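Coordinates as given in start37.pdb (PDB, C-alpha atoms):
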ATOM      1  CA  MET A   1       0.000   0.000   0.000
ATOM      2  CA  GLN A   2       1.337   3.392  -0.978
ATOM      3  CA  LYS A   3       2.015   5.666   1.983
ATOM      4  CA  LYS A   4      -0.298   8.656   2.047
ATOM      5  CA  SER A   5       1.608  11.848   1.337
ATOM      6  CA  ARG A   6       1.560  14.597   3.912
ATOM      7  CA  SER A   7      -0.410  17.724   3.081
ATOM      8  CA  PRO A   8       1.800  20.762   2.374
ATOM      9  CA  LEU A   9      -0.339  22.644   4.927
ATOM     10  CA  ASN A  10       0.494  20.129   7.650
ATOM     11  CA  ARG A  11       3.077  21.850   9.871
ATOM     12  CA  SER A  12       3.118  19.281  12.683
ATOM     13  CA  ILE A  13       6.470  18.463  14.276
ATOM     14  CA  THR A  14       7.423  14.826  13.788
ATOM     15  CA  ILE A  15      10.479  12.878  14.908
ATOM     16  CA  SER A  16      12.257  10.012  13.177
ATOM     17  CA  LYS A  17      14.097   7.059  14.723
ATOM     18  CA  ALA A  18      17.388   8.622  13.669
ATOM     19  CA  GLU A  19      16.440  11.886  15.400
ATOM     20  CA  ILE A  20      15.446   9.989  18.545
ATOM     21  CA  ASN A  21      18.873   8.358  18.601
ATOM     22  CA  SER A  22      20.487  11.775  18.215
ATOM     23  CA  TYR A  23      18.368  13.772  20.675
ATOM     24  CA  SER A  24      18.460  10.998  23.286
ATOM     25  CA  LYS A  25      22.130  11.878  23.867
ATOM     26  CA  ARG A  26      20.953  15.169  25.380
ATOM     27  CA  LEU A  27      18.644  13.499  27.897
ATOM     28  CA  ILE A  28      19.772  12.849  31.459
ATOM     29  CA  LYS A  29      18.872  10.413  34.235
ATOM     30  CA  LEU A  30      19.408  10.859  37.964
ATOM     31  CA  ASP A  31      20.778   8.127  40.211
ATOM     32  CA  ALA A  32      22.047  10.363  43.031
ATOM     33  CA  PRO A  33      21.295  13.803  44.501
ATOM     34  CA  VAL A  34      22.237  16.704  42.188
ATOM     35  CA  GLN A  35      22.749  20.453  42.385
ATOM     36  CA  ALA A  36      20.273  22.730  40.624
ATOM     37  CA  GLU A  37      22.811  23.885  38.034
ATOM     38  CA  GLN A  38      23.235  20.268  36.886
ATOM     39  CA  ILE A  39      19.623  19.992  35.711
ATOM     40  CA  ILE A  40      18.685  23.564  34.751
ATOM     41  CA  ASN A  41      17.543  23.758  31.102
ATOM     42  CA  ARG A  42      17.678  19.972  30.772
ATOM     43  CA  THR A  43      15.180  17.207  30.062
ATOM     44  CA  ILE A  44      15.218  14.291  32.507
ATOM     45  CA  ASN A  45      14.050  11.059  30.861
ATOM     46  CA  GLN A  46      12.934   9.075  33.879
ATOM     47  CA  ASN A  47       9.945   7.870  35.840
ATOM     48  CA  LEU A  48       9.037  10.672  38.242
ATOM     49  CA  ILE A  49       8.760   8.618  41.422
ATOM     50  CA  SER A  50      12.146   6.960  40.830
ATOM     51  CA  MET A  51      14.073  10.249  40.938
ATOM     52  CA  LEU A  52      12.150  12.652  43.166
ATOM     53  CA  ASP A  53      14.485  12.093  46.116
ATOM     54  CA  PHE A  54      17.440  13.251  43.992
ATOM     55  CA  LEU A  55      16.102  16.728  43.192
ATOM     56  CA  PRO A  56      17.620  19.680  45.092
ATOM     57  CA  HIS A  57      15.456  21.560  47.570
ATOM     58  CA  GLY A  58      14.207  25.131  47.261
ATOM     59  CA  PHE A  59      15.195  25.919  43.665
ATOM     60  CA  VAL A  60      11.858  26.071  41.783
ATOM     61  CA  ASP A  61       9.843  29.291  41.433
ATOM     62  CA  LEU A  62       6.927  27.840  39.484
ATOM     63  CA  MET A  63       5.649  24.352  38.838
ATOM     64  CA  ILE A  64       3.329  23.355  35.984
ATOM     65  CA  ILE A  65       1.816  19.947  36.771
ATOM     66  CA  ASP A  66      -0.093  18.252  33.950
ATOM     67  CA  PRO A  67      -0.355  14.562  34.897
ATOM     68  CA  PRO A  68      -2.452  11.898  33.167
ATOM     69  CA  TYR A  69      -6.091  12.636  33.930
ATOM     70  CA  ASN A  70      -8.232  10.045  35.705
ATOM     71  CA  LEU A  71      -9.283   8.180  32.590
ATOM     72  CA  ASN A  72      -8.015   5.430  30.294
ATOM     73  CA  LYS A  73      -5.343   6.857  28.002
ATOM     74  CA  VAL A  74      -2.372   5.587  26.002
ATOM     75  CA  PHE A  75       0.773   7.747  25.913
ATOM     76  CA  ASN A  76       3.007   5.987  23.377
ATOM     77  CA  SER A  77       4.821   3.462  25.625
ATOM     78  CA  THR A  78       2.653   4.091  28.691
ATOM     79  CA  LYS A  79      -0.956   3.206  29.479
ATOM     80  CA  PHE A  80      -2.844   5.014  32.233
ATOM     81  CA  ARG A  81      -5.924   3.359  33.722
ATOM     82  CA  ALA A  82      -8.885   5.169  35.265
ATOM     83  CA  GLN A  83      -9.079   4.729  39.030
ATOM     84  CA  SER A  84     -11.523   5.437  41.814
ATOM     85  CA  VAL A  85     -11.549   8.993  43.116
ATOM     86  CA  TYR A  86      -9.841   7.744  46.282
ATOM     87  CA  ASP A  87      -7.073   5.887  44.426
ATOM     88  CA  TYR A  88      -6.409   8.782  42.061
ATOM     89  CA  SER A  89      -6.158  11.107  45.069
ATOM     90  CA  SER A  90      -3.617   8.762  46.640
ATOM     91  CA  TRP A  91      -1.618   8.663  43.410
ATOM     92  CA  ILE A  92      -1.452  12.490  43.336
ATOM     93  CA  GLU A  93      -0.551  12.651  47.027
ATOM     94  CA  ASN A  94       2.312  10.228  46.472
ATOM     95  CA  PHE A  95       4.224  12.617  44.203
ATOM     96  CA  ILE A  96       2.961  16.009  45.369
ATOM     97  CA  VAL A  97       4.386  15.648  48.892
ATOM     98  CA  LYS A  98       7.829  14.977  47.397
ATOM     99  CA  LEU A  99       7.600  17.890  44.966
ATOM    100  CA  ILE A 100       6.825  20.471  47.643
ATOM    101  CA  PRO A 101      10.400  20.567  49.061
ATOM    102  CA  VAL A 102      11.891  21.486  45.655
ATOM    103  CA  MET A 103       9.895  24.719  45.605
ATOM    104  CA  LYS A 104      10.869  28.098  46.980
ATOM    105  CA  LYS A 105       8.759  29.373  49.866
ATOM    106  CA  ASN A 106       7.163  32.018  47.622
ATOM    107  CA  GLY A 107       6.603  29.527  44.779
ATOM    108  CA  SER A 108       3.396  28.800  42.900
ATOM    109  CA  ILE A 109       1.938  25.802  41.122
ATOM    110  CA  TYR A 110      -0.632  25.272  38.406
ATOM    111  CA  PHE A 111      -2.222  21.823  38.410
ATOM    112  CA  CYS A 112      -4.152  20.685  35.330
ATOM    113  CA  GLY A 113      -7.142  18.356  35.230
ATOM    114  CA  ASP A 114     -10.506  17.647  33.670
ATOM    115  CA  TRP A 115     -13.819  17.842  35.543
ATOM    116  CA  TYR A 116     -13.547  14.319  36.983
ATOM    117  CA  SER A 117      -9.852  14.497  37.913
ATOM    118  CA  SER A 118     -10.501  17.805  39.663
ATOM    119  CA  ILE A 119     -12.541  16.021  42.326
ATOM    120  CA  SER A 120      -9.307  14.424  43.510
ATOM    121  CA  VAL A 121      -7.020  17.329  42.631
ATOM    122  CA  ALA A 122      -8.832  19.833  44.842
ATOM    123  CA  HIS A 123      -8.968  17.370  47.725
ATOM    124  CA  VAL A 124      -5.190  16.892  47.690
ATOM    125  CA  LEU A 125      -4.145  20.471  46.959
ATOM    126  CA  GLN A 126      -6.174  22.008  49.776
ATOM    127  CA  LYS A 127      -4.143  19.995  52.273
ATOM    128  CA  HIS A 128      -0.772  21.372  51.154
ATOM    129  CA  PHE A 129      -1.307  24.757  49.470
ATOM    130  CA  TYR A 130      -3.301  27.933  49.455
ATOM    131  CA  ILE A 131      -5.754  27.429  46.604
ATOM    132  CA  ARG A 132      -6.030  30.845  44.917
ATOM    133  CA  ASN A 133      -8.300  30.103  41.975
ATOM    134  CA  ARG A 134      -9.483  27.589  39.423
ATOM    135  CA  ILE A 135      -9.058  28.534  35.787
ATOM    136  CA  THR A 136     -11.471  26.910  33.346
ATOM    137  CA  TRP A 137     -10.418  26.963  29.732
ATOM    138  CA  GLU A 138     -12.460  26.042  26.689
ATOM    139  CA  ARG A 139     -11.033  22.973  24.981
ATOM    140  CA  GLU A 140     -13.184  22.837  21.869
ATOM    141  CA  LYS A 141     -12.276  19.511  20.321
ATOM    142  CA  GLY A 142     -14.042  16.239  19.549
ATOM    143  CA  ARG A 143     -17.564  15.394  18.486
ATOM    144  CA  GLY A 144     -19.124  14.807  21.880
ATOM    145  CA  SER A 145     -21.594  12.204  23.089
ATOM    146  CA  LYS A 146     -25.295  11.407  22.671
ATOM    147  CA  THR A 147     -25.596  10.242  26.286
ATOM    148  CA  ASN A 148     -23.919  13.132  28.113
ATOM    149  CA  TRP A 149     -22.920  16.755  27.752
ATOM    150  CA  LYS A 150     -19.941  17.242  25.476
ATOM    151  CA  ASN A 151     -16.834  17.841  27.567
ATOM    152  CA  SER A 152     -15.371  21.097  26.202
ATOM    153  CA  SER A 153     -13.447  22.457  29.174
ATOM    154  CA  GLU A 154     -10.503  21.699  31.432
ATOM    155  CA  ASP A 155      -9.381  23.063  34.787
ATOM    156  CA  ILE A 156      -6.117  24.548  36.010
ATOM    157  CA  TRP A 157      -5.820  24.980  39.778
ATOM    158  CA  PHE A 158      -3.710  27.958  40.871
ATOM    159  CA  CYS A 159      -2.021  27.431  44.252
ATOM    160  CA  THR A 160       0.772  28.973  46.303
ATOM    161  CA  LEU A 161       2.920  27.794  49.184
ATOM    162  CA  SER A 162       2.467  31.018  51.144
ATOM    163  CA  ASN A 163       0.769  34.397  51.066
ATOM    164  CA  LYS A 164       3.819  35.874  49.367
ATOM    165  CA  TYR A 165       3.905  34.979  45.689
ATOM    166  CA  THR A 166       4.396  36.395  42.185
ATOM    167  CA  PHE A 167       1.434  37.509  40.121
ATOM    168  CA  ASN A 168       2.014  39.823  37.159
ATOM    169  CA  SER A 169      -1.503  40.819  36.122
ATOM    170  CA  ASP A 170      -0.319  43.360  33.537
ATOM    171  CA  ALA A 171       1.693  40.665  31.753
ATOM    172  CA  VAL A 172      -1.382  38.612  30.848
ATOM    173  CA  LYS A 173      -3.789  41.225  29.570
ATOM    174  CA  LEU A 174      -6.128  40.157  26.797
ATOM    175  CA  ASN A 175      -7.017  42.213  23.738
ATOM    176  CA  ARG A 176     -10.768  41.666  23.569
ATOM    177  CA  ARG A 177     -12.932  42.645  20.618
ATOM    178  CA  VAL A 178     -15.262  45.556  21.364
ATOM    179  CA  ILE A 179     -18.817  44.842  20.238
ATOM    180  CA  ALA A 180     -20.278  48.226  21.186
ATOM    181  CA  PRO A 181     -17.460  50.806  20.793
ATOM    182  CA  TYR A 182     -18.497  53.746  22.999
ATOM    183  CA  LYS A 183     -17.091  57.212  22.310
ATOM    184  CA  ASP A 184     -16.762  60.272  24.531
ATOM    185  CA  GLU A 185     -18.436  63.641  23.907
ATOM    186  CA  ASN A 186     -15.658  64.557  21.471
ATOM    187  CA  GLY A 187     -16.096  61.420  19.409
ATOM    188  CA  ASN A 188     -12.902  59.735  20.646
ATOM    189  CA  PRO A 189     -12.731  56.025  21.497
ATOM    190  CA  LYS A 190     -13.530  55.438  25.181
ATOM    191  CA  ASP A 191     -11.160  52.844  26.619
ATOM    192  CA  TRP A 192     -10.623  51.016  23.322
ATOM    193  CA  GLN A 193      -8.436  51.203  20.221
ATOM    194  CA  SER A 194      -9.283  50.935  16.566
ATOM    195  CA  GLY A 195      -7.106  48.631  14.447
ATOM    196  CA  THR A 196      -6.986  47.103  11.003
ATOM    197  CA  ASN A 197      -8.609  43.900  12.333
ATOM    198  CA  GLY A 198     -11.352  45.692  14.301
ATOM    199  CA  ASN A 199     -11.872  47.503  17.600
ATOM    200  CA  PHE A 200     -10.224  46.100  20.739
ATOM    201  CA  ARG A 201      -9.877  46.819  24.444
ATOM    202  CA  GLU A 202      -7.110  45.613  26.757
ATOM    203  CA  THR A 203      -8.677  43.760  29.697
ATOM    204  CA  TYR A 204      -7.333  41.888  32.704
ATOM    205  CA  SER A 205      -7.498  38.124  32.275
ATOM    206  CA  SER A 206     -10.259  36.300  34.146
ATOM    207  CA  ASN A 207     -10.455  32.665  35.257
ATOM    208  CA  ILE A 208     -12.560  31.765  32.207
ATOM    209  CA  TRP A 209     -10.420  31.363  29.080
ATOM    210  CA  THR A 210     -12.145  31.131  25.696
ATOM    211  CA  ASP A 211      -9.198  32.336  23.612
ATOM    212  CA  ILE A 212      -7.188  29.090  23.484
ATOM    213  CA  SER A 213      -6.815  26.955  20.353
ATOM    214  CA  VAL A 214      -5.921  23.302  20.895
ATOM    215  CA  PRO A 215      -2.917  22.487  18.647
ATOM    216  CA  PHE A 216      -3.889  20.854  15.356
ATOM    217  CA  TRP A 217      -2.090  19.785  12.186
ATOM    218  CA  SER A 218      -1.733  23.202  10.536
ATOM    219  CA  MET A 219      -0.169  24.813  13.627
ATOM    220  CA  PRO A 220       3.659  24.742  13.772
ATOM    221  CA  GLU A 221       3.659  23.748  17.463
ATOM    222  CA  ASN A 222       1.517  20.642  16.920
ATOM    223  CA  THR A 223       2.901  17.168  17.680
ATOM    224  CA  GLU A 224       1.437  13.672  17.853
ATOM    225  CA  HIS A 225       1.214  13.780  21.658
ATOM    226  CA  PRO A 226      -2.452  13.010  22.502
ATOM    227  CA  THR A 227      -2.876  15.627  25.251
ATOM    228  CA  GLN A 228      -0.515  18.404  24.184
ATOM    229  CA  LYS A 229      -1.135  21.756  25.866
ATOM    230  CA  PRO A 230      -1.036  24.927  23.718
ATOM    231  CA  GLU A 231       2.003  27.188  24.072
ATOM    232  CA  LYS A 232      -0.349  30.143  24.471
ATOM    233  CA  LEU A 233      -2.016  28.564  27.501
ATOM    234  CA  ILE A 234       1.253  27.687  29.255
ATOM    235  CA  SER A 235       2.718  31.097  28.385
ATOM    236  CA  LYS A 236      -0.098  32.818  30.288
ATOM    237  CA  LEU A 237       0.753  30.812  33.400
ATOM    238  CA  LEU A 238       4.473  31.527  33.085
ATOM    239  CA  LEU A 239       4.067  35.258  32.527
ATOM    240  CA  ALA A 240       1.593  35.639  35.390
ATOM    241  CA  SER A 241       3.450  33.646  38.030
ATOM    242  CA  SER A 242       7.158  33.918  37.222
ATOM    243  CA  ASN A 243       9.729  36.480  36.164
ATOM    244  CA  LYS A 244      12.555  36.319  33.644
ATOM    245  CA  GLY A 245      15.341  34.107  34.940
ATOM    246  CA  ASP A 246      13.027  32.146  37.270
ATOM    247  CA  VAL A 247      13.078  28.335  37.282
ATOM    248  CA  VAL A 248      10.020  26.470  36.009
ATOM    249  CA  LEU A 249       9.612  22.733  36.642
ATOM    250  CA  ASP A 250       7.273  20.421  34.731
ATOM    251  CA  PRO A 251       7.287  16.877  36.189
ATOM    252  CA  PHE A 252       5.043  15.500  33.401
ATOM    253  CA  LEU A 253       6.656  17.252  30.445
ATOM    254  CA  GLY A 254       5.052  15.320  27.588
ATOM    255  CA  SER A 255       6.121  16.811  24.257
ATOM    256  CA  GLY A 256       7.825  19.758  25.958
ATOM    257  CA  THR A 257       5.400  22.684  25.817
ATOM    258  CA  THR A 258       6.351  24.065  29.244
ATOM    259  CA  SER A 259      10.094  23.959  28.522
ATOM    260  CA  VAL A 260       9.589  25.519  25.079
ATOM    261  CA  ALA A 261       7.385  28.334  26.394
ATOM    262  CA  ALA A 262       9.839  28.970  29.245
ATOM    263  CA  LYS A 263      12.733  29.227  26.802
ATOM    264  CA  LYS A 264      10.838  31.608  24.524
ATOM    265  CA  LEU A 265       9.913  33.825  27.477
ATOM    266  CA  GLY A 266      13.346  33.980  29.110
ATOM    267  CA  ARG A 267      12.725  31.547  31.963
ATOM    268  CA  LYS A 268      14.889  28.608  33.031
ATOM    269  CA  PHE A 269      13.316  25.173  32.929
ATOM    270  CA  VAL A 270      13.553  21.586  34.096
ATOM    271  CA  GLY A 271      11.426  18.957  32.377
ATOM    272  CA  ILE A 272      10.796  15.391  33.527
ATOM    273  CA  GLU A 273       9.328  12.889  31.056
ATOM    274  CA  SER A 274       9.304   9.088  31.331
ATOM    275  CA  ASP A 275       8.719   8.345  27.627
ATOM    276  CA  LYS A 276      11.920   8.538  25.571
ATOM    277  CA  LYS A 277      10.199   9.512  22.314
ATOM    278  CA  TYR A 278       8.325  12.420  23.888
ATOM    279  CA  ALA A 279      11.443  13.547  25.761
ATOM    280  CA  CYS A 280      13.338  13.632  22.448
ATOM    281  CA  LEU A 281      10.441  15.470  20.820
ATOM    282  CA  ALA A 282      10.768  18.089  23.571
ATOM    283  CA  GLU A 283      14.460  18.454  22.759
ATOM    284  CA  LYS A 284      13.679  18.923  19.082
ATOM    285  CA  ARG A 285      11.109  21.617  19.883
ATOM    286  CA  LEU A 286      13.629  23.365  22.140
ATOM    287  CA  GLU A 287      16.086  23.413  19.265
ATOM    288  CA  LEU A 288      13.454  24.862  16.929
ATOM    289  CA  ALA A 289      12.712  27.556  19.528
ATOM    290  CA  ASP A 290      16.236  28.918  19.040
ATOM    291  CA  ALA A 291      15.230  30.093  15.567
ATOM    292  CA  ASP A 292      11.563  30.941  16.163
ATOM    293  CA  LYS A 293      10.373  32.452  19.438
ATOM    294  CA  ARG A 294       6.843  33.280  18.291
ATOM    295  CA  ILE A 295       3.859  32.200  20.376
ATOM    296  CA  GLN A 296       0.645  31.984  18.423
ATOM    297  CA  GLY A 297      -1.977  34.415  19.711
ATOM    298  CA  TYR A 298       0.583  36.501  21.658
ATOM    299  CA  SER A 299       2.109  39.637  20.160
ATOM    300  CA  ASP A 300       3.809  42.756  21.538
ATOM    301  CA  GLY A 301       3.191  41.703  25.133
ATOM    302  CA  ILE A 302      -0.560  41.190  24.683
ATOM    303  CA  PHE A 303      -2.700  38.064  24.275
ATOM    304  CA  TRP A 304      -5.353  38.175  21.565
ATOM    305  CA  GLU A 305      -8.717  36.478  21.358
ATOM    306  CA  ARG A 306      -8.912  33.429  19.129
ATOM    307  CA  ASN A 307      -9.020  34.229  15.395
ATOM    308  CA  THR A 308      -8.498  37.980  15.893
ATOM    309  CA  LEU A 309      -4.748  38.182  15.298
ATOM    310  CA  LEU A 310      -3.223  37.082  12.030
ATOM    311  CA  TYR A 311      -0.156  34.922  12.636
ATOM    312  CA  GLN A 312       2.722  37.350  12.455
ATOM    313  CA  THR A 313       5.602  36.854  10.040
ATOM    314  CA  LYS A 314       8.906  36.111  11.726
ATOM    315  CA  LYS A 315      10.720  39.270  12.745
TER     316      LYS A 315
END
Representation of the structure as structure tokens:
Amino acid sequence: MQKKSRSPLNRSITISKAEINSYSKRLIKLDAPVQAEQIINRTINQNLISMLDFLPHGFVDLMIIDPPYNLNKVFNSTKFRAQSVYDYSSWIENFIVKLIPVMKKNGSIYFCGDWYSSISVAHVLQKHFYIRNRITWEREKGRGSKTNWKNSSEDIWFCTLSNKYTFNSDAVKLNRRVIAPYKDENGNPKDWQSGTNGNFRETYSSNIWTDISVPFWSMPENTEHPTQKPEKLISKLLLASSNKGDVVLDPFLGSGTTSVAAKKLGRKFVGIESDKKYACLAEKRLELADADKRIQGYSDGIFWERNTLLYQTKK
């Protein structure tokens, strides 16, 4: 059978066996305690539980935690099975208590989940952190079900270790389209700007996000990872809760979105991923980020609503 040719519009990042062999040389494994400088800006290809005791204490400013959700899912070489709410809570507790010591006292975490996983997530987080908010973002993908409401959202729990933490609200403003553009008595725009693509107003970001596009085949950040997070989504978290030069840790790195976004935004990163192929894919994306630091939907320090900003040409 003749192999189907790839569409010229398909911009997905793929990785060959030869590339895996090459990029795997950049991956590291831990078998003893290390200093922070030994793992900064590196990808650790290892099962999380097997190496948690080797991580240094107090070096992480922000943690992005995006574990397998509480459902049946295949991640290349790994299968995750749905569990009871109690068992899933215990599984989270098992790694979260060992991740806490690696954080700085003024550190923050964002913990991802779907509606069902969040039952367990909230139960565990409230025991160890100050829960500040729950972000709900629209994940418009899939055809839905005839026996239940279509699941089109996911949660991100925002927590801190203390009452002293970073939050840069001005860094995550959203340019929102103005439907009714009011003008003052002199006919000037009132708190909005007119542009070639319409009228927009800068607004502070809320905990409901409808401006996120799930990566798909025509987007240059897309990979074959089944639960890849958008760079735009992770970038919002990084800009809000870290500063340039801060260290961001992702213990379930997947295809590398957190590390890539951190690199593009001037943060340091540490990624942990158990699957070798995905870890190598992360390394390839990090290499591509050297030449292209664009983040779709983010331009000139402002996030734009979905489909309101044409993808900028590389500067």
Next on the checklist: Quick check on the file I pasted: which residues fall under the PyMOL selection byres ((chain A and resi 274-291) around 8)? Write them as a PyMOL selection string.
Outcome noted: chain A and resi 13-15+19-20+23-24+26-27+43-48+76-78+225+252-257+259-260+263-264+272-273+292-293
Checklist outcome for this item: Of A:Ile119, A:Ile295, A:Cys159, A:Ile64, the one sitting nearest Val248 of chain A when using all atoms listed in the file is A:Ile64
So that each row is one residue of segment 65-119 of chain A with an atom at most 9 Å from segment 227-243 of chain A, can you give its shortest atom pair and the distance in Å to one decimal, using only C-alpha atoms, rows by chain and rising number, as JSON lines?
{"residue": "A:Asp66", "atom": "CA", "partner": "A:Lys229", "partner_atom": "CA", "distance": 8.9}
{"residue": "A:Pro68", "atom": "CA", "partner": "A:Thr227", "partner_atom": "CA", "distance": 8.8}
{"residue": "A:Phe75", "atom": "CA", "partner": "A:Thr227", "partner_atom": "CA", "distance": 8.7}
{"residue": "A:Gly107", "atom": "CA", "partner": "A:Ser241", "partner_atom": "CA", "distance": 8.5}
{"residue": "A:Ser108", "atom": "CA", "partner": "A:Ser241", "partner_atom": "CA", "distance": 6.9}
{"residue": "A:Ile109", "atom": "CA", "partner": "A:Ser241", "partner_atom": "CA", "distance": 8.6}
{"residue": "A:Tyr110", "atom": "CA", "partner": "A:Leu237", "partner_atom": "CA", "distance": 7.6}
Checklist entry - Using all atoms listed in the file, which residue out of A:Asp87, A:Asp61, A:Glu202, A:Glu140 lies closest to Glu305 of chain A? => result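 Among the listed residues, A:Glu202 lies closest to Glu305 of chain A.
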Next on the checklist: Using Å and a single decimal, report how far atom CA of Leu52 of chain A sits from atom CA of Leu125 of chain A.
Outcome noted: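 We find that atom CA of Leu125 of chain A and atom CA of Leu52 of chain A lie 18.5 Å from each other.
Note that the spacing between atom CA of Asn151 of chain A and atom CA of Val172 of chain A amounts to 26.1 Å.
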Next on the checklist: As an exercise, work out the distance from atom CA of Pro8 of chain A to atom CA of Tyr298 of chain A in Å and give it to one decimal place.
Outcome noted: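 Spanning atom CA of Pro8 of chain A to atom CA of Tyr298 of chain A is a straight-line distance of 24.9 Å.
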Find the residues around segment 127-131 of chain A up to 6 Å (only C-alpha atoms counted), leave out those fewer than 3 positions away in its own chain, and share them as a JSON list (two decimals) with C-alpha atoms, in the coordinates of the input.
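What ended up in part26.json:
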[["chain", "number", "residue", "atom", "x", "y", "z"],
["A", 124, "VAL", "CA", -5.19, 16.89, 47.69],
["A", 159, "CYS", "CA", -2.02, 27.43, 44.25],
["A", 160, "THR", "CA", 0.77, 28.97, 46.30],
["A", 161, "LEU", "CA", 2.92, 27.79, 49.18]]
Checklist entry - With distances taken over all atoms listed in the file, which of A:Ile65, A:Leu174, A:Leu249, A:Ala261 is nearest to Ile208 of chain A? => result A:Leu174
